Amino acid sequence: MLNPNLEEIQLTKDDYERYSRHLILPEVGMEGQKRLKAASVLCIGTGGLGSPLLLYLAAAGIGRIGIVDFDVVDTSNLQRQVIHGTSWVGKPKIESAKNRIHEINPYCQVDLYETRLSSENALDIVKDYDIVVDGTDNFPTRYLVNDACVLLNKPNVYGSIFRFEGQATVFNYEGGPNYRDLYPEPPPPGLVPSCAEGGVLGILPGIIGVIQATETVKIILGKGNTLSGRLLLYNALDMTFRELKLRPNPERPVIEKLIDYEQFCGIPQAKAAEAQQQQEIQEMTVTQLKELLDSGAKDFVLLDVRNPNEYEIAKIPGSILVPLPEIENGHGVAKVKEALNGHRLIAHCKMGGRSAKALAILKESGIVGTNVKGGITAWSREVDPSVPEY
C-alpha cells in the first residue's frame, strides 16, 4: 500500500465532476481519488497491453504516467493497439499515446522515454515511479523489468498474450513472488513465437491490459486482493479463467545487479547459430526468383513452409505448401522428397527465417536447397505489390 502525503493533494472542481463515479464509491471516495492523483505509474511499452492500460489509468485519474517505447505506429498495430490511430502511422508511439491520454485527461502528467529499456538506463527510469506495469513482448525485457523492480522494491504488474490466451499477475508486491519464481530460466530463443509469427486475437490484449490496469489501481488504493501469488490464465476461445498459485522460491538466487539480459536469454548465441546456418545455406533474392519463374524453367520446386492460413492470404505462383511443423515432425520430409522427384529445391516463408530452418532440417535428410531471402514479404515489396503484405 502506497502512503503519499494526502494533505498536499487537493481535488479541483473539475476533479469532483470528472471522478464523481469514483467519489461515491466507499472503496475509493475522496481519499482514494487523492491517492490516484498522487500516484506515479511507469508503463513499459505502448503496444497491445499498454494501449488499454494507459487509456484506463489516465481515465482513472493517475497523476503521473511514464511511458517507455522506441517504436513507431504501424498499420498492423491498429488491429489491437487501440490507443493509436491511422493518422499516427509512421510516427512515434509514445507521442501518439501522449496525445490520446491528454484527450482523455489533460491533467495527467505524461513523461516520455523514447528509448529501449536497458541495463544501463532501467534503474534511473524506474526509480521515480511507484508502480511498474510490464506491457512488453520479449523475455530479455521481462527479466530486466523484473530485476529492476526487485532491486528498487517496486510492484511489477505483469501481463502477456499469445493467440487466444493471456496471463496476468502482480510480482514483487508485499513479499510475494517475482517473475523468476514463474520462469527461473528463459525458454530457448525461438521456442515461443512472437505475435508477428503466431498471431493474436485483437481483443485479447484489451482484456489482459484492463486486468493490469485494475490491479494497478487496487495497489494504489490499498483495496481488495491483488493477483500477487496468483497467476491468472485466460482463454478467450473457451471464455475461461483459471488460477495457478505462485510462491517465492527460497532457493532462488539473490538479484544483486542488472545483467546482460540478451546474453542471459541466449539471443546472441542464437543469432550466431542462425548466421552460421545461413552461411551454410545458399540464398537467392526475390528478383532472381522472378527471373527464374519468367524463364519458364521446370527444373525446380518452389516450397512454401508457412502455415495454411498464411498461404491463403498470399502465395507466390507455382509454389507448393508443406508447413514447417510437418517438416519438423518428419512427416513433411517425405512430401518434399516426393514433390522434388529429382528437381532442385527453392524454399521460402514470410521473411526467410522459417524456410532457412526447414532447409537445415531437410539437409539432414540429404535434401539441399536454396532459401529465398526476405520471403514473400520481399516478393510483395520488390516484385509484385498486388500480393498482400501481412
# chains A, B, ... in the order shown; residues from 1 in each chain; ligands from 1
>>> residues_around(residues="Gly353 in chain A", least_positions_apart="5", cutoff="9 Å", atoms="only C-alpha atoms", output="PyMOL selection string")
chain A and resi 274+348+358+373-375
>>> residues_around(residues="range 142-158 of chain A", least_positions_apart="6", cutoff="6 Å", atoms="only C-alpha atoms", output="list of chain:residue names")
A:Leu123, A:Ile131, A:Val132, A:Val133, A:Asp134, A:Ala168, A:Thr169, A:Val170, A:Phe171, A:Asn172, A:Tyr173
>>> residues_around(residues="Arg230 in chain A", least_positions_apart="2", cutoff="10 Å", atoms="only C-alpha atoms", output="ChimeraX atom specification")
/A:168-171,176-177,226-228,232-233,242-247
>>> write_last_selection(atoms="all heavy atoms", output="compact mmCIF listing (two decimals), in the first residue's frame")
# COMPACT_ATOMS: atom_id res chain seq x y z
N ALA A 168 -1.89 -12.91 -16.39
CA ALA A 168 -1.70 -11.68 -15.61
C ALA A 168 -1.41 -12.04 -14.16
O ALA A 168 -1.94 -13.01 -13.63
CB ALA A 168 -2.92 -10.78 -15.70
N THR A 169 -0.56 -11.24 -13.53
CA THR A 169 -0.28 -11.39 -12.10
C THR A 169 0.40 -10.12 -11.60
O THR A 169 0.66 -9.19 -12.38
CB THR A 169 0.59 -12.63 -11.82
OG1 THR A 169 0.66 -12.85 -10.40
CG2 THR A 169 1.99 -12.47 -12.36
N VAL A 170 0.70 -10.09 -10.33
CA VAL A 170 1.45 -8.98 -9.73
C VAL A 170 2.70 -9.56 -9.08
O VAL A 170 2.60 -10.46 -8.24
CB VAL A 170 0.62 -8.23 -8.68
CG1 VAL A 170 1.48 -7.17 -7.98
CG2 VAL A 170 -0.60 -7.58 -9.32
N PHE A 171 3.85 -9.08 -9.50
CA PHE A 171 5.12 -9.55 -8.97
C PHE A 171 5.70 -8.54 -7.98
O PHE A 171 5.42 -7.34 -8.04
CB PHE A 171 6.13 -9.76 -10.10
CG PHE A 171 5.83 -10.93 -11.00
CD1 PHE A 171 5.73 -10.76 -12.37
CD2 PHE A 171 5.66 -12.20 -10.47
CE1 PHE A 171 5.47 -11.83 -13.21
CE2 PHE A 171 5.39 -13.29 -11.31
CZ PHE A 171 5.30 -13.10 -12.67
N GLY A 176 5.57 -11.03 -2.05
CA GLY A 176 5.12 -12.06 -2.98
C GLY A 176 6.20 -12.46 -3.98
O GLY A 176 7.31 -11.90 -3.97
N PRO A 177 5.90 -13.41 -4.84
CA PRO A 177 6.88 -13.91 -5.82
C PRO A 177 7.22 -12.86 -6.87
O PRO A 177 6.50 -11.87 -7.03
CB PRO A 177 6.17 -15.11 -6.44
CG PRO A 177 4.71 -14.82 -6.26
CD PRO A 177 4.60 -14.08 -4.96
N THR A 226 -5.06 -8.48 -4.45
CA THR A 226 -4.35 -8.41 -5.73
C THR A 226 -4.04 -9.82 -6.23
O THR A 226 -4.23 -10.81 -5.53
CB THR A 226 -3.04 -7.61 -5.62
OG1 THR A 226 -2.09 -8.39 -4.86
CG2 THR A 226 -3.27 -6.27 -4.94
N LEU A 227 -3.48 -9.88 -7.42
CA LEU A 227 -3.07 -11.15 -8.01
C LEU A 227 -1.69 -11.60 -7.53
O LEU A 227 -1.17 -12.59 -8.05
CB LEU A 227 -3.08 -11.05 -9.54
CG LEU A 227 -4.45 -11.10 -10.23
CD1 LEU A 227 -4.32 -10.82 -11.72
CD2 LEU A 227 -5.13 -12.46 -10.00
N SER A 228 -1.11 -10.91 -6.58
CA SER A 228 0.17 -11.36 -6.04
C SER A 228 0.03 -12.77 -5.50
O SER A 228 -0.85 -13.06 -4.68
CB SER A 228 0.63 -10.41 -4.92
OG SER A 228 1.85 -10.85 -4.37
N LEU A 232 -3.18 -15.57 -13.13
CA LEU A 232 -4.48 -15.67 -13.78
C LEU A 232 -4.30 -16.06 -15.24
O LEU A 232 -3.57 -15.40 -15.99
CB LEU A 232 -5.21 -14.33 -13.69
CG LEU A 232 -6.66 -14.31 -14.20
CD1 LEU A 232 -7.56 -15.15 -13.31
CD2 LEU A 232 -7.17 -12.87 -14.26
N LEU A 233 -4.93 -17.15 -15.64
CA LEU A 233 -4.85 -17.65 -17.01
C LEU A 233 -6.19 -17.47 -17.70
O LEU A 233 -7.23 -17.93 -17.20
CB LEU A 233 -4.46 -19.13 -17.02
CG LEU A 233 -3.20 -19.52 -16.26
CD1 LEU A 233 -3.02 -21.03 -16.25
CD2 LEU A 233 -1.98 -18.84 -16.87
N ARG A 242 -8.62 -19.34 -15.20
CA ARG A 242 -8.09 -20.28 -14.22
C ARG A 242 -7.02 -19.58 -13.40
O ARG A 242 -6.46 -18.59 -13.82
CB ARG A 242 -7.49 -21.53 -14.89
CG ARG A 242 -8.46 -22.38 -15.65
CD ARG A 242 -7.83 -23.68 -16.11
NE ARG A 242 -6.71 -23.47 -17.02
CZ ARG A 242 -5.46 -23.85 -16.79
NH1 ARG A 242 -5.14 -24.47 -15.65
NH2 ARG A 242 -4.50 -23.63 -17.68
N GLU A 243 -6.71 -20.13 -12.25
CA GLU A 243 -5.66 -19.58 -11.40
C GLU A 243 -4.63 -20.64 -11.04
O GLU A 243 -4.99 -21.79 -10.80
CB GLU A 243 -6.24 -19.02 -10.09
CG GLU A 243 -6.82 -17.65 -10.20
CD GLU A 243 -7.17 -17.09 -8.83
OE1 GLU A 243 -6.74 -17.67 -7.81
OE2 GLU A 243 -7.89 -16.08 -8.78
N LEU A 244 -3.38 -20.25 -11.03
CA LEU A 244 -2.31 -21.08 -10.50
C LEU A 244 -1.67 -20.36 -9.33
O LEU A 244 -1.47 -19.14 -9.37
CB LEU A 244 -1.25 -21.34 -11.58
CG LEU A 244 -1.68 -22.12 -12.83
CD1 LEU A 244 -0.50 -22.24 -13.79
CD2 LEU A 244 -2.21 -23.50 -12.46
N LYS A 245 -1.36 -21.09 -8.29
CA LYS A 245 -0.71 -20.49 -7.13
C LYS A 245 0.78 -20.28 -7.43
O LYS A 245 1.44 -21.15 -8.00
CB LYS A 245 -0.86 -21.39 -5.90
CG LYS A 245 -2.29 -21.52 -5.39
CD LYS A 245 -2.80 -20.20 -4.85
CE LYS A 245 -4.20 -20.37 -4.25
NZ LYS A 245 -4.74 -19.06 -3.77
N LEU A 246 1.29 -19.12 -7.04
CA LEU A 246 2.71 -18.82 -7.17
C LEU A 246 3.28 -18.53 -5.79
O LEU A 246 2.65 -17.82 -5.00
CB LEU A 246 2.93 -17.60 -8.06
CG LEU A 246 2.62 -17.73 -9.55
CD1 LEU A 246 2.88 -16.41 -10.25
CD2 LEU A 246 3.48 -18.82 -10.19
N ARG A 247 4.44 -19.07 -5.52
CA ARG A 247 5.10 -18.82 -4.24
C ARG A 247 6.56 -18.47 -4.49
O ARG A 247 7.18 -18.97 -5.42
CB ARG A 247 5.03 -20.05 -3.33
CG ARG A 247 3.61 -20.41 -2.89
CD ARG A 247 3.61 -21.62 -1.97
NE ARG A 247 2.29 -21.92 -1.48
CZ ARG A 247 1.39 -22.65 -2.12
NH1 ARG A 247 1.70 -23.15 -3.31
NH2 ARG A 247 0.20 -22.88 -1.60
>>> residues_around(residues="Ser87 in chain A", least_positions_apart="4", cutoff="10 Å", atoms="only C-alpha atoms", output="JSON, numbers by chain")
{"A": [73, 75, 91, 96]}
>>> residues_around(residues="Val110 in chain A", least_positions_apart="6", cutoff="10 Å", atoms="only C-alpha atoms", output="NGL selection string")
:A and (40-42 or 58 or 63-67 or 94-95 or 97-99 or 101-102)
>>> residues_around(residues="Lys218 in chain A", least_positions_apart="5", cutoff="10 Å", atoms="only C-alpha atoms", output="ChimeraX atom specification")
/A:1,27-28,32,36,212-213,223-226
>>> residues_around(residues="Ile320 in chain A", least_positions_apart="5", cutoff="7 Å", atoms="only C-alpha atoms", output="ChimeraX atom specification")
/A:302-304
>>> select_by_dssp(residues="range 57-153 of chain A", states="helix (DSSP H, G or I)", output="MDAnalysis selection string")
chainID A and resid 57:60 75:79 86:88 93:104 122:126 139:152
>>> closest_residue(among="A:Gln81, A:Val68, A:Met351, A:Ile203", to="Asp111 in chain A", atoms="only C-alpha atoms")
A:Val68
>>> closest_residue(among="A:Thr287, A:Ser355, A:Ser119, A:Asn341", to="Ser380 in chain A", atoms="only C-alpha atoms")
A:Thr287
>>> atom_distance(atom1="CA of Asp14 in chain A", atom2="CA of Gly50 in chain A")
26.5 Å
